[in-house]
file upload-v6.pdb (PDB, C-alpha atoms, pLDDT in the B column)
ATOM      1  CA  MET L   1       0.000   0.000   0.000  1.00 62.00           C
ATOM      2  CA  LYS L   2       2.843   2.369   0.817  1.00 64.00           C
ATOM      3  CA  GLY L   3       4.437   1.909  -2.592  1.00 78.00           C
ATOM      4  CA  PHE L   4       1.085   2.447  -4.273  1.00 87.00           C
ATOM      5  CA  LYS L   5       0.721   5.856  -2.628  1.00 88.00           C
ATOM      6  CA  ASN L   6       4.186   6.862  -3.765  1.00 86.00           C
ATOM      7  CA  VAL L   7       3.415   5.829  -7.346  1.00 90.00           C
ATOM      8  CA  ILE L   8       0.156   7.795  -7.333  1.00 93.00           C
ATOM      9  CA  PHE L   9       1.662  10.952  -5.843  1.00 91.00           C
ATOM     10  CA  MET L  10       4.723  10.779  -8.074  1.00 90.00           C
ATOM     11  CA  SER L  11       2.465  10.382 -11.121  1.00 92.00           C
ATOM     12  CA  LEU L  12       0.422  13.403 -10.050  1.00 93.00           C
ATOM     13  CA  ALA L  13       3.551  15.515  -9.574  1.00 92.00           C
ATOM     14  CA  LEU L  14       4.910  14.385 -12.933  1.00 93.00           C
ATOM     15  CA  GLY L  15       1.581  15.158 -14.594  1.00 94.00           C
ATOM     16  CA  MET L  16       1.496  18.637 -13.055  1.00 92.00           C
ATOM     17  CA  LEU L  17       5.054  19.215 -14.227  1.00 91.00           C
ATOM     18  CA  LEU L  18       4.335  18.090 -17.777  1.00 92.00           C
ATOM     19  CA  TYR L  19       1.181  20.210 -17.921  1.00 92.00           C
ATOM     20  CA  SER L  20       2.722  23.373 -16.485  1.00 90.00           C
ATOM     21  CA  VAL L  21       6.154  23.542 -18.142  1.00 89.00           C
ATOM     22  CA  PRO L  22       4.844  24.741 -21.524  1.00 87.00           C
ATOM     23  CA  GLN L  23       2.742  27.403 -19.781  1.00 87.00           C
ATOM     24  CA  LEU L  24       5.498  28.795 -17.540  1.00 84.00           C
ATOM     25  CA  ASP L  25       7.339  31.902 -18.721  1.00 80.00           C
ATOM     26  CA  ILE L  26      10.957  30.774 -18.610  1.00 81.00           C
ATOM     27  CA  GLY L  27      13.810  32.278 -20.575  1.00 80.00           C
ATOM     28  CA  GLY L  28      12.675  35.895 -20.450  1.00 77.00           C
ATOM     29  CA  GLY L  29      15.649  37.103 -18.456  1.00 83.00           C
ATOM     30  CA  PHE L  30      15.871  37.548 -14.708  1.00 86.00           C
ATOM     31  CA  THR L  31      12.263  38.549 -14.077  1.00 87.00           C
ATOM     32  CA  LEU L  32       9.813  37.567 -11.387  1.00 89.00           C
ATOM     33  CA  PRO L  33       7.834  35.137 -13.608  1.00 86.00           C
ATOM     34  CA  THR L  34      11.066  33.436 -14.690  1.00 89.00           C
ATOM     35  CA  VAL L  35      12.237  33.017 -11.082  1.00 89.00           C
ATOM     36  CA  PHE L  36       8.827  31.682 -10.067  1.00 89.00           C
ATOM     37  CA  GLY L  37       8.813  29.199 -12.974  1.00 90.00           C
ATOM     38  CA  ALA L  38      12.308  27.964 -12.191  1.00 90.00           C
ATOM     39  CA  LEU L  39      11.517  27.521  -8.491  1.00 92.00           C
ATOM     40  CA  TRP L  40       8.232  25.766  -9.286  1.00 92.00           C
ATOM     41  CA  ILE L  41      10.006  23.304 -11.552  1.00 92.00           C
ATOM     42  CA  CYS L  42      12.696  22.702  -8.907  1.00 94.00           C
ATOM     43  CA  PHE L  43      10.092  21.945  -6.229  1.00 94.00           C
ATOM     44  CA  ALA L  44       8.196  19.606  -8.551  1.00 94.00           C
ATOM     45  CA  LEU L  45      11.411  17.744  -9.391  1.00 95.00           C
ATOM     46  CA  LEU L  46      12.279  17.549  -5.692  1.00 95.00           C
ATOM     47  CA  ILE L  47       8.898  15.944  -4.949  1.00 94.00           C
ATOM     48  CA  ILE L  48       9.363  13.441  -7.776  1.00 94.00           C
ATOM     49  CA  ALA L  49      12.876  12.620  -6.573  1.00 93.00           C
ATOM     50  CA  ALA L  50      11.645  12.056  -3.008  1.00 92.00           C
ATOM     51  CA  HIS L  51       9.014   9.591  -4.181  1.00 91.00           C
ATOM     52  CA  LEU L  52      11.524   7.788  -6.395  1.00 90.00           C
ATOM     53  CA  HIS L  53      13.917   7.593  -3.458  1.00 87.00           C
ATOM     54  CA  GLU L  54      11.222   5.959  -1.349  1.00 85.00           C
ATOM     55  CA  LEU L  55      10.129   3.579  -4.117  1.00 86.00           C
ATOM     56  CA  LEU L  56      13.638   2.393  -4.848  1.00 84.00           C
ATOM     57  CA  GLY L  57      14.246   1.662  -1.160  1.00 78.00           C
ATOM     58  CA  VAL L  58      17.590   3.407  -0.957  1.00 74.00           C
ATOM     59  CA  ASP L  59      17.399   3.639   2.839  1.00 76.00           C
ATOM     60  CA  GLU L  60      16.299   0.030   3.376  1.00 77.00           C
ATOM     61  CA  GLU L  61      19.674  -1.002   4.821  1.00 80.00           C
ATOM     62  CA  THR L  62      19.631   1.955   7.201  1.00 83.00           C
ATOM     63  CA  ARG L  63      16.107   1.072   8.366  1.00 82.00           C
ATOM     64  CA  GLN L  64      17.141  -2.509   8.995  1.00 87.00           C
ATOM     65  CA  GLU L  65      20.147  -1.331  10.998  1.00 90.00           C
ATOM     66  CA  ILE L  66      17.949   0.964  13.113  1.00 91.00           C
ATOM     67  CA  VAL L  67      15.515  -1.902  13.791  1.00 92.00           C
ATOM     68  CA  ARG L  68      18.427  -4.121  14.834  1.00 94.00           C
ATOM     69  CA  ILE L  69      19.749  -1.441  17.215  1.00 94.00           C
ATOM     70  CA  LYS L  70      16.291  -0.920  18.757  1.00 95.00           C
ATOM     71  CA  ARG L  71      15.920  -4.674  19.326  1.00 95.00           C
ATOM     72  CA  MET L  72      19.313  -4.772  21.026  1.00 94.00           C
ATOM     73  CA  LYS L  73      18.378  -1.853  23.292  1.00 95.00           C
ATOM     74  CA  ARG L  74      15.103  -3.561  24.244  1.00 94.00           C
ATOM     75  CA  TRP L  75      16.955  -6.810  24.973  1.00 91.00           C
ATOM     76  CA  ARG L  76      19.475  -4.978  27.192  1.00 91.00           C
ATOM     77  CA  MET L  77      16.655  -3.239  29.078  1.00 90.00           C
ATOM     78  CA  GLU L  78      14.907  -6.577  29.625  1.00 89.00           C
ATOM     79  CA  GLN L  79      18.151  -8.074  30.918  1.00 87.00           C
ATOM     80  CA  ARG L  80      18.594  -5.177  33.350  1.00 87.00           C
ATOM     81  CA  LEU L  81      15.012  -5.483  34.576  1.00 86.00           C
ATOM     82  CA  GLN L  82      15.344  -9.240  35.026  1.00 84.00           C
ATOM     83  CA  GLY L  83      18.579  -8.686  36.939  1.00 80.00           C
ATOM     84  CA  LYS L  84      16.843  -6.262  39.304  1.00 71.00           C
ATOM     85  CA  LYS L  85      13.974  -8.702  39.790  1.00 67.00           C
ATOM     86  CA  MET L  86      16.430 -11.446  40.670  1.00 61.00           C
ATOM     87  CA  LEU L  87      18.145  -9.176  43.184  1.00 60.00           C
ATOM     88  CA  GLY L  88      14.746  -8.266  44.678  1.00 60.00           C
ATOM     89  CA  LEU L  89      13.831 -11.956  45.094  1.00 56.00           C
ATOM     90  CA  ARG L  90      17.003 -12.771  46.989  1.00 53.00           C
ATOM     91  CA  LYS L  91      16.400 -10.185  49.696  1.00 47.00           C
TER      92      LYS L  91
END
call {"tool": "encode", "arguments": {"input": "upload-v6.pdb", "output": "structure tokens"}}
result
Amino acid sequence: MKGFKNVIFMSLALGMLLYSVPQLDIGGGFTLPTVFGALWICFALLIIAAHLHELLGVDEETRQEIVRIKRMKRWRMEQRLQGKKMLGLRK
């Protein structure tokens, strides 16, 4: 489901980009409409790149490493709590 959302939103951003580029006033010098058009295209490309990044799973190894670290921290906490329980039972 997560990948489906990324495909839909990326398609919408790409469609908006393809529709708007011919209508934007770019190439008329350093004017306000040119700056706006250039920034609009940059933001649209940034959105498309973010969705591609998520779809391709570039950070999958990092996520797996974070999950492994969190499991290890939970295990250590459980060991500490069990150690305290054992000390409490002896007294």
call {"tool": "atom_distance", "arguments": {"input": "upload-v6.pdb", "atom1": "CA of His51 (chain L)", "atom2": "CA of Met10 (chain L)"}}
result
5.9 Å
call {"tool": "closest_atom_pairs", "arguments": {"input": "upload-v6.pdb", "of": "region 8-66 of chain L", "to": "region 71-81 of chain L", "cutoff": "12 Å", "atoms": "all atoms listed in the file", "output": "tab-separated table"}}
result
residue	atom	partner	partner_atom	distance
L:Gln64	CA	L:Arg71	CA	10.6
L:Glu65	CA	L:Arg71	CA	9.9
L:Ile66	CA	L:Arg71	CA	8.6
call {"tool": "atom_distance", "arguments": {"input": "upload-v6.pdb", "atom1": "CA of Ile8 (chain L)", "atom2": "CA of Ile47 (chain L)"}}
result
12.2 Å
call {"tool": "residues_around", "arguments": {"input": "upload-v6.pdb", "residues": "region 13-18 of chain L", "least_positions_apart": "6", "cutoff": "9 Å", "atoms": "only C-alpha atoms", "output": "PDB file with C-alpha atoms, keeping the file's coordinate frame"}}
result
ATOM      1  CA  TRP L  40       8.232  25.766  -9.286  1.00 92.00           C
ATOM      2  CA  ILE L  41      10.006  23.304 -11.552  1.00 92.00           C
ATOM      3  CA  ALA L  44       8.196  19.606  -8.551  1.00 94.00           C
ATOM      4  CA  LEU L  45      11.411  17.744  -9.391  1.00 95.00           C
ATOM      5  CA  ILE L  47       8.898  15.944  -4.949  1.00 94.00           C
ATOM      6  CA  ILE L  48       9.363  13.441  -7.776  1.00 94.00           C
TER       7      ILE L  48
END
call {"tool": "resolve_selection", "arguments": {"input": "upload-v6.pdb", "expression": "the PyMOL selection byres ((chain L and resi 55) around 9)", "output": "PyMOL selection string"}}
result
chain L and resi 2-3+6-7+50-54+56-58
call {"tool": "write_last_selection", "arguments": {"input": "upload-v6.pdb", "atoms": "C-alpha atoms", "output": "mmCIF file, in the frame of the given file"}}
result
data_model
loop_
_atom_site.group_PDB
_atom_site.id
_atom_site.type_symbol
_atom_site.label_atom_id
_atom_site.label_comp_id
_atom_site.auth_asym_id
_atom_site.auth_seq_id
_atom_site.Cartn_x
_atom_site.Cartn_y
_atom_site.Cartn_z
ATOM 1 C CA LYS L 2 2.843 2.369 0.817
ATOM 2 C CA GLY L 3 4.437 1.909 -2.592
ATOM 3 C CA ASN L 6 4.186 6.862 -3.765
ATOM 4 C CA VAL L 7 3.415 5.829 -7.346
ATOM 5 C CA ALA L 50 11.645 12.056 -3.008
ATOM 6 C CA HIS L 51 9.014 9.591 -4.181
ATOM 7 C CA LEU L 52 11.524 7.788 -6.395
ATOM 8 C CA HIS L 53 13.917 7.593 -3.458
ATOM 9 C CA GLU L 54 11.222 5.959 -1.349
ATOM 10 C CA LEU L 56 13.638 2.393 -4.848
ATOM 11 C CA GLY L 57 14.246 1.662 -1.160
ATOM 12 C CA VAL L 58 17.590 3.407 -0.957
#
call {"tool": "axis_aligned_box", "arguments": {"input": "upload-v6.pdb", "around": "region 57-67 of chain L", "padding_each_side": "8 Å", "output": "lines of an AutoDock Vina configuration file"}}
result
center_x = 17.2
center_y = 0.6
center_z = 6.3
size_x = 21.9
size_y = 22.1
size_z = 31.0
call {"tool": "atom_distance", "arguments": {"input": "upload-v6.pdb", "atom1": "CA of Ala38 (chain L)", "atom2": "CA of Pro22 (chain L)"}}
result
12.4 Å
call {"tool": "resolve_selection", "arguments": {"input": "upload-v6.pdb", "expression": "the PyMOL selection byres ((chain L and resi 25) around 6)", "output": "JSON, numbers by chain"}}
result
{"L": [24, 26, 34]}
call {"tool": "decode", "arguments": {"input": "upload-v6.pdb", "residues": "region 8-23 of chain L", "atoms": "all heavy atoms", "output": "mmCIF file, in the first residue's frame"}}
result
data_model
loop_
_atom_site.group_PDB
_atom_site.id
_atom_site.type_symbol
_atom_site.label_atom_id
_atom_site.label_comp_id
_atom_site.auth_asym_id
_atom_site.auth_seq_id
_atom_site.Cartn_x
_atom_site.Cartn_y
_atom_site.Cartn_z
ATOM 1 N N ILE L 8 1.243 6.868 -7.012
ATOM 2 C CA ILE L 8 0.156 7.795 -7.333
ATOM 3 C C ILE L 8 0.620 9.247 -7.196
ATOM 4 O O ILE L 8 0.431 10.069 -8.107
ATOM 5 C CB ILE L 8 -1.070 7.543 -6.430
ATOM 6 C CG1 ILE L 8 -1.665 6.173 -6.703
ATOM 7 C CG2 ILE L 8 -2.116 8.641 -6.600
ATOM 8 C CD1 ILE L 8 -2.248 6.013 -8.089
ATOM 9 N N PHE L 9 1.243 9.570 -6.075
ATOM 10 C CA PHE L 9 1.662 10.952 -5.843
ATOM 11 C C PHE L 9 2.774 11.373 -6.803
ATOM 12 O O PHE L 9 2.817 12.521 -7.249
ATOM 13 C CB PHE L 9 2.095 11.149 -4.396
ATOM 14 C CG PHE L 9 0.960 11.040 -3.415
ATOM 15 C CD1 PHE L 9 1.142 10.440 -2.183
ATOM 16 C CD2 PHE L 9 -0.299 11.529 -3.720
ATOM 17 C CE1 PHE L 9 0.106 10.338 -1.285
ATOM 18 C CE2 PHE L 9 -1.348 11.434 -2.830
ATOM 19 C CZ PHE L 9 -1.150 10.842 -1.604
ATOM 20 N N MET L 10 3.675 10.459 -7.116
ATOM 21 C CA MET L 10 4.723 10.779 -8.074
ATOM 22 C C MET L 10 4.122 11.005 -9.456
ATOM 23 O O MET L 10 4.530 11.916 -10.184
ATOM 24 C CB MET L 10 5.764 9.660 -8.135
ATOM 25 C CG MET L 10 6.937 9.995 -9.024
ATOM 26 S SD MET L 10 8.151 8.690 -9.127
ATOM 27 C CE MET L 10 7.249 7.476 -10.048
ATOM 28 N N SER L 11 3.129 10.207 -9.827
ATOM 29 C CA SER L 11 2.465 10.382 -11.121
ATOM 30 C C SER L 11 1.744 11.727 -11.183
ATOM 31 O O SER L 11 1.779 12.413 -12.213
ATOM 32 C CB SER L 11 1.467 9.259 -11.370
ATOM 33 O OG SER L 11 2.119 8.020 -11.393
ATOM 34 N N LEU L 12 1.094 12.102 -10.090
ATOM 35 C CA LEU L 12 0.422 13.403 -10.050
ATOM 36 C C LEU L 12 1.418 14.551 -10.182
ATOM 37 O O LEU L 12 1.183 15.513 -10.922
ATOM 38 C CB LEU L 12 -0.370 13.550 -8.754
ATOM 39 C CG LEU L 12 -1.652 12.735 -8.657
ATOM 40 C CD1 LEU L 12 -2.249 12.851 -7.257
ATOM 41 C CD2 LEU L 12 -2.652 13.199 -9.687
ATOM 42 N N ALA L 13 2.530 14.464 -9.485
ATOM 43 C CA ALA L 13 3.551 15.515 -9.574
ATOM 44 C C ALA L 13 4.144 15.571 -10.979
ATOM 45 O O ALA L 13 4.371 16.662 -11.525
ATOM 46 C CB ALA L 13 4.650 15.270 -8.545
ATOM 47 N N LEU L 14 4.380 14.419 -11.573
ATOM 48 C CA LEU L 14 4.910 14.385 -12.933
ATOM 49 C C LEU L 14 3.892 14.949 -13.923
ATOM 50 O O LEU L 14 4.265 15.705 -14.834
ATOM 51 C CB LEU L 14 5.290 12.950 -13.305
ATOM 52 C CG LEU L 14 6.070 12.742 -14.580
ATOM 53 C CD1 LEU L 14 7.384 13.487 -14.524
ATOM 54 C CD2 LEU L 14 6.316 11.268 -14.801
ATOM 55 N N GLY L 15 2.625 14.621 -13.736
ATOM 56 C CA GLY L 15 1.581 15.158 -14.594
ATOM 57 C C GLY L 15 1.472 16.669 -14.481
ATOM 58 O O GLY L 15 1.333 17.374 -15.491
ATOM 59 N N MET L 16 1.527 17.183 -13.249
ATOM 60 C CA MET L 16 1.496 18.637 -13.055
ATOM 61 C C MET L 16 2.688 19.299 -13.727
ATOM 62 O O MET L 16 2.566 20.360 -14.335
ATOM 63 C CB MET L 16 1.490 18.977 -11.560
ATOM 64 C CG MET L 16 0.201 18.706 -10.882
ATOM 65 S SD MET L 16 0.070 19.181 -9.127
ATOM 66 C CE MET L 16 1.674 19.661 -8.639
ATOM 67 N N LEU L 17 3.848 18.664 -13.617
ATOM 68 C CA LEU L 17 5.054 19.215 -14.227
ATOM 69 C C LEU L 17 4.931 19.242 -15.743
ATOM 70 O O LEU L 17 5.230 20.257 -16.380
ATOM 71 C CB LEU L 17 6.271 18.386 -13.804
ATOM 72 C CG LEU L 17 7.626 18.877 -14.264
ATOM 73 C CD1 LEU L 17 7.950 20.205 -13.617
ATOM 74 C CD2 LEU L 17 8.690 17.860 -13.917
ATOM 75 N N LEU L 18 4.472 18.143 -16.323
ATOM 76 C CA LEU L 18 4.335 18.090 -17.777
ATOM 77 C C LEU L 18 3.275 19.069 -18.287
ATOM 78 O O LEU L 18 3.415 19.637 -19.374
ATOM 79 C CB LEU L 18 3.987 16.665 -18.219
ATOM 80 C CG LEU L 18 5.097 15.637 -18.051
ATOM 81 C CD1 LEU L 18 4.582 14.248 -18.390
ATOM 82 C CD2 LEU L 18 6.289 15.986 -18.903
ATOM 83 N N TYR L 19 2.233 19.283 -17.520
ATOM 84 C CA TYR L 19 1.181 20.210 -17.921
ATOM 85 C C TYR L 19 1.643 21.670 -17.811
ATOM 86 O O TYR L 19 1.321 22.508 -18.647
ATOM 87 C CB TYR L 19 -0.062 19.986 -17.057
ATOM 88 C CG TYR L 19 -1.170 20.965 -17.333
ATOM 89 C CD1 TYR L 19 -1.960 20.845 -18.473
ATOM 90 C CD2 TYR L 19 -1.419 22.017 -16.458
ATOM 91 C CE1 TYR L 19 -2.978 21.748 -18.738
ATOM 92 C CE2 TYR L 19 -2.427 22.921 -16.710
ATOM 93 C CZ TYR L 19 -3.204 22.784 -17.852
ATOM 94 O OH TYR L 19 -4.201 23.681 -18.107
ATOM 95 N N SER L 20 2.410 21.976 -16.767
ATOM 96 C CA SER L 20 2.722 23.373 -16.485
ATOM 97 C C SER L 20 3.961 23.902 -17.201
ATOM 98 O O SER L 20 4.055 25.112 -17.424
ATOM 99 C CB SER L 20 2.892 23.572 -14.987
ATOM 100 O OG SER L 20 4.027 22.856 -14.549
ATOM 101 N N VAL L 21 4.909 23.051 -17.544
ATOM 102 C CA VAL L 21 6.154 23.542 -18.142
ATOM 103 C C VAL L 21 5.908 24.344 -19.417
ATOM 104 O O VAL L 21 6.487 25.428 -19.577
ATOM 105 C CB VAL L 21 7.157 22.383 -18.370
ATOM 106 C CG1 VAL L 21 8.294 22.802 -19.280
ATOM 107 C CG2 VAL L 21 7.704 21.918 -17.038
ATOM 108 N N PRO L 22 5.059 23.906 -20.329
ATOM 109 C CA PRO L 22 4.844 24.741 -21.524
ATOM 110 C C PRO L 22 4.173 26.080 -21.222
ATOM 111 O O PRO L 22 4.310 27.035 -21.987
ATOM 112 C CB PRO L 22 3.920 23.890 -22.402
ATOM 113 C CG PRO L 22 4.038 22.517 -21.890
ATOM 114 C CD PRO L 22 4.391 22.626 -20.451
ATOM 115 N N GLN L 23 3.462 26.180 -20.100
ATOM 116 C CA GLN L 23 2.742 27.403 -19.781
ATOM 117 C C GLN L 23 3.562 28.378 -18.946
ATOM 118 O O GLN L 23 3.188 29.543 -18.810
ATOM 119 C CB GLN L 23 1.445 27.059 -19.059
ATOM 120 C CG GLN L 23 0.514 26.237 -19.924
ATOM 121 C CD GLN L 23 -0.749 25.860 -19.214
ATOM 122 O OE1 GLN L 23 -1.019 26.305 -18.113
ATOM 123 N NE2 GLN L 23 -1.556 25.027 -19.857
#
